[in-house]
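In what follows, a structure is listed as structure tokens, so that the remarks can point back to it.
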Protein chains: 2
Amino acid sequence: MTFSEENYLKVIYHLGDEAADSVATNAIAEAMKTKASSATDMVKKLADKGFLFYKKYQGTSLTEEGKEIAVKIIRKHRLWECFLVEKLNFSWDEVHDIAEQLEHIKSEKLIEELDAFLGFPKKDPHGDPIPDKHGNIHTIKKTLLGSCSEGDKGVLVGVEDSSSKFLRYLDKLELSLGKAIEVISIEPFDNSMQIEVGTNKISISAQIANNIYIQKT
Amino acid sequence: MTFSEENYLKVIYHLGDEAADSVATNAIAEAMKTKASSATDMVKKLADKGFLFYKKYQGTSLTEEGKEIAVKIIRKHRLWECFLVEKLNFSWDEVHDIAEQLEHIKSEKLIEELDAFLGFPKKDPHGDPIPDKHGNIHTIKKTLLGSCSEGDKGVLVGVEDSSSKFLRYLDKLELSLGKAIEVISIEPFDNSMQIEVGTNKISISAQIANNIYIQKT
DNA sequence: ATTAATATTTAGGCAAATCTAAAAATTTGT
DNA sequence: ACAAATTTTTAGATTTGCCTAAATATTAAT
């Protein structure tokens with residue numbers, strides 16, 4: 001299993017998670033920052049190896065085996081993110097790229113010991129659930145802030161975009177995991193939102209709202 | 001800098017450390033478990049990039065820049081080994097292969113934070129010195145047990161071979177870093193040694209003795 | 001229901017790192 | 001010092017993952 005193969009499986013898993021049906025070649029190419037022709041090549045190879053179902057022009061979906069591998073990589077990614085934040089003083093906006101490297105380290109024992117060392121965390125620093133060693137993922141029902149209505153309340157439990165740019169902006173707005181949020185009003189012109197966070201009232205663009213998840217209360 | 005390039009630089013550094021003069025292509029190939037022709041190709045490329053001096057048929061030696069890179073990789077390797085042993089319950093015979101992967105993770109901050117997290121260790125689990133962040137290495141004068149004479153005394157401070165096979169054998173003999181050793185006698189027939197370790201008297205083959213370093217006392 | 005637009009695949013190539021086999025240089029042994 | 005042995009390099013292939021350009025299939029629009 002090469003790094004590239006692992007990255008494709010991970011990306012296909014994430015894309016397939018939202019759209020229940022098959023994943024388009026172009027979507028894979030875009031997520032992998034490569035060309036559609038490259039994605040076609042790789043998808044064929046992964047299909048040959050039994051990690052996904054593929055029919056020409058019909059998109060792909062992971063087999064059970066492919067899903068298992070993808071979930072293992074996601075588990076590693078998220079555990080390493082916890083390690084970086086909890087043990088090495090990284091902030092949530094600094095960990096993604098390093099975890100992208102660390103997730104490919106091959107050692108069963110390493111990841112199980114790391115999990116234990118961290119006290120079996122359930123969430124990574126962005127609020128995403130950490131699959132357990134059997135691949136079980138405990139998901140919570142979360143709602144995109146951007147799809148909420150005036151008066152809706154909840155707690156910030158996740159982000160759609162884990163880029164350092166976005167997360168640093170959230171820091172500036174004092175928006176972090178666990179914060180209570182209430183939608184005060186929505187501006188019809190541009191769908192920007194007035195929200196209350198703790199005692200602050202702030203305005204956020206629709207784009208921001210569409211990258212924040214809350215758990216409604 | 002690819003993984004392969006980094007591994008070549010590391011291997012050339014280690015080979016050049018013992019033999020002060022230039023490193024032979026065959027030696028590189030053997031250490032990299034590849035063919036001489038592959039080593040030639042890579043050496044040319046690394047020379048083009050300014051990491052080593054190379055003259056056809058005359059072997060190679062690292063430039064200052066090449067050495068710096070090699071030392072950085074060795075620093076990472078040894079710090080990760082410490083982490084595995086001290087924080088994740090690995091034993092000294094289990095860490096080498098995983099550290100070979102981890103040493104290629106690219107992040108200045110990661111390695112400096114890891115160093116601090118571990119309390120700035122000076123030695124890895126095999127007794128090898130950990131270069132500091134500026135590349136300075138504090139070496140001690142160590143002697144190959146196999147080159148000692150009857151009556152010589154010292155403390156076990158390092159091993160030449162970090163393979164799991166060898167280290168597990170040392171464990172079985174209760175030979176570990178820090179143990180006091182005295183050479184009782186040397187058998188002329190096969191150069192095997194009678195040594196005293198603590199209160200035990202054991203016999204070790206010349207091959208074992210030639211993979212153990214002591215600091216004479 | 002055709003045509004136009006879009007998505008996907010194929011074909012052919014490239015760079016990295018490896019290999020084998022053959023050629024060339026160096027070293028060794030007498 | 002010269003032939004033999006060894007080491008090293010070159011030449012030409014292979015595999016992986018990517019690319020561009022062209023061909024083909026699917027989807028959308030009128």
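Within each chain, counting starts at residue 1; across the structure tokens, chains are named A, B, ... in the order shown, with ligands numbered 1 upward in that order.
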
Compute the chain D side of the contact with chain A at 9 Å, counting only C-alpha atoms (C1' of nucleotides), and hand it back as a VMD selection string. chain D and resid 17 to 19 25 to 26

Who sits within 12 Å of DA23 of chain D, only C-alpha atoms (C1' of nucleotides), same chain under 3 positions skipped, as a short mmCIF file (atom, residue, chain, number, x, y, z; two decimals) with N, CA and C atoms (P, O5', C5', C4', C3', O3' and C1' of nucleotides), in the first residue's frame:
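Saved the output as result_39.cif:
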```cif
data_model
loop_
_atom_site.label_atom_id
_atom_site.label_comp_id
_atom_site.auth_asym_id
_atom_site.auth_seq_id
_atom_site.Cartn_x
_atom_site.Cartn_y
_atom_site.Cartn_z
P DT C 8 -16.91 12.31 -13.97
"O5'" DT C 8 -16.20 11.47 -15.11
"C5'" DT C 8 -16.97 10.52 -15.83
"C4'" DT C 8 -16.09 9.83 -16.84
"C3'" DT C 8 -14.81 9.25 -16.26
"O3'" DT C 8 -14.96 7.84 -16.31
"C1'" DT C 8 -14.44 10.33 -18.36
P DT C 9 -13.79 6.85 -15.89
"O5'" DT C 9 -13.06 6.59 -17.29
"C5'" DT C 9 -13.82 6.08 -18.37
"C4'" DT C 9 -12.98 6.08 -19.64
"C3'" DT C 9 -11.67 5.29 -19.51
"O3'" DT C 9 -11.69 4.26 -20.50
"C1'" DT C 9 -11.32 7.41 -20.54
P DT C 10 -10.53 3.18 -20.59
"O5'" DT C 10 -9.61 3.78 -21.76
"C5'" DT C 10 -10.17 3.96 -23.06
"C4'" DT C 10 -9.15 4.62 -23.96
"C3'" DT C 10 -7.79 3.91 -24.03
"O3'" DT C 10 -7.50 3.73 -25.40
"C1'" DT C 10 -7.51 6.23 -23.63
P DA C 11 -6.33 2.72 -25.83
"O5'" DA C 11 -5.23 3.72 -26.41
"C5'" DA C 11 -5.64 4.94 -27.05
"C4'" DA C 11 -4.43 5.81 -27.32
"C3'" DA C 11 -3.09 5.09 -27.26
"O3'" DA C 11 -2.27 5.60 -28.31
"C1'" DA C 11 -3.09 6.86 -25.71
#
```

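For segment 70-167 of chain A, backbone-based DSSP assignment of strand (DSSP E or B) covers Lys123, Pro129, Thr143, Leu144, Lys153, Gly154, Val155, Leu156, Val157, Gly158 and Val159 of chain A.
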
Please give the complete set of residues from segment 50-90 of chain B that DSSP, run on the backbone, assigns to helix (DSSP H, G or I), formatted as number ranges by chain. B: 64-88

Selection above as a file: C-alpha atoms, as a compact mmCIF listing (two decimals), in the first residue's frame:
```txt
# COMPACT_ATOMS: atom_id res chain seq x y z
CA GLU B 64 28.73 20.43 4.64
CA GLU B 65 25.18 20.81 3.37
CA GLY B 66 24.85 17.06 2.89
CA LYS B 67 26.17 16.42 6.38
CA GLU B 68 23.69 18.87 7.87
CA ILE B 69 20.81 17.08 6.27
CA ALA B 70 22.09 13.68 7.34
CA VAL B 71 22.54 14.81 10.93
CA LYS B 72 19.03 16.24 11.00
CA ILE B 73 17.63 12.90 9.91
CA ILE B 74 19.69 11.08 12.51
CA ARG B 75 18.44 13.52 15.16
CA LYS B 76 14.87 12.79 14.19
CA HIS B 77 15.45 9.05 14.11
CA ARG B 78 16.93 8.99 17.59
CA LEU B 79 14.37 11.31 19.15
CA TRP B 80 11.54 9.20 17.80
CA GLU B 81 13.23 6.10 19.22
CA CYS B 82 13.27 7.77 22.63
CA PHE B 83 9.63 8.64 22.29
CA LEU B 84 8.68 5.08 21.44
CA VAL B 85 10.59 3.61 24.36
CA GLU B 86 9.88 6.21 27.00
CA LYS B 87 6.30 7.11 26.21
CA LEU B 88 4.83 4.21 24.26
```

Would you mind listing, for every residue of chain B within 10 Å of chain A, the two atoms forming the shortest contact and the distance between them in Å to one decimal, using only C-alpha atoms, sorted by chain and ascending residue number, as CSV?
```
residue,atom,partner,partner_atom,distance
B:Leu84,CA,A:Leu110,CA,7.9
B:Lys87,CA,A:Phe117,CA,7.3
B:Leu88,CA,A:Glu113,CA,5.5
B:Asn89,CA,A:Glu113,CA,7.5
B:Phe90,CA,A:Leu110,CA,8.6
B:Glu94,CA,A:Lys109,CA,9.9
B:Val95,CA,A:Leu110,CA,9.6
B:Asp97,CA,A:Ser107,CA,9.3
B:Ile98,CA,A:Ser107,CA,7.0
B:Ala99,CA,A:Ile105,CA,9.5
B:Glu100,CA,A:Ile105,CA,9.8
B:Gln101,CA,A:Ile105,CA,6.3
B:Leu102,CA,A:Ile105,CA,7.0
B:His104,CA,A:Gln101,CA,9.0
B:Ile105,CA,A:Gln101,CA,6.3
B:Lys106,CA,A:Ile98,CA,7.5
B:Ser107,CA,A:Ile98,CA,7.0
B:Lys109,CA,A:Phe90,CA,8.8
B:Leu110,CA,A:Leu88,CA,7.5
B:Ile111,CA,A:Leu88,CA,9.5
B:Glu112,CA,A:Leu88,CA,9.2
B:Glu113,CA,A:Leu88,CA,5.5
B:Leu114,CA,A:Leu88,CA,6.5
B:Asp115,CA,A:Leu88,CA,9.6
B:Ala116,CA,A:Leu88,CA,8.5
B:Phe117,CA,A:Leu88,CA,6.7
```

How about saving the chosen residues, C-alpha atoms kept, as a compact mmCIF listing (two decimals), in the first residue's frame?
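This is the output file result28.txt:
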```txt
# COMPACT_ATOMS: atom_id res chain seq x y z
CA LEU B 84 8.68 5.08 21.44
CA LYS B 87 6.30 7.11 26.21
CA LEU B 88 4.83 4.21 24.26
CA ASN B 89 6.26 1.17 26.04
CA PHE B 90 8.37 -0.10 23.18
CA GLU B 94 11.30 -2.80 18.41
CA VAL B 95 11.97 0.80 17.58
CA ASP B 97 12.03 0.13 11.79
CA ILE B 98 9.36 2.53 12.98
CA ALA B 99 11.93 5.28 13.50
CA GLU B 100 13.10 4.67 9.93
CA GLN B 101 9.66 5.80 8.85
CA LEU B 102 9.22 8.61 11.35
CA HIS B 104 11.24 11.42 7.25
CA ILE B 105 8.37 13.46 8.68
CA LYS B 106 8.94 17.06 7.73
CA SER B 107 8.27 19.65 10.42
CA LYS B 109 8.36 22.51 15.01
CA LEU B 110 7.39 18.89 15.48
CA ILE B 111 10.91 17.76 16.20
CA GLU B 112 11.75 20.66 18.49
CA GLU B 113 8.56 20.15 20.48
CA LEU B 114 9.19 16.42 20.65
CA ASP B 115 12.70 17.09 21.95
CA ALA B 116 11.29 19.34 24.68
CA PHE B 117 8.51 16.88 25.49
```

Hey, list the chain C side of the contact with chain B: 8 Å cut-off, only C-alpha atoms (C1' of nucleotides), answer as number ranges by chain. C: 17-19, 25-26

Can you list, as a ChimeraX atom specification, every protein, DNA or RNA residue that comes within 7 Å of Thr60 of chain A when you count only C-alpha atoms (C1' of nucleotides), leaving out same-chain residues fewer than 3 positions away? /A:22-24,52-55
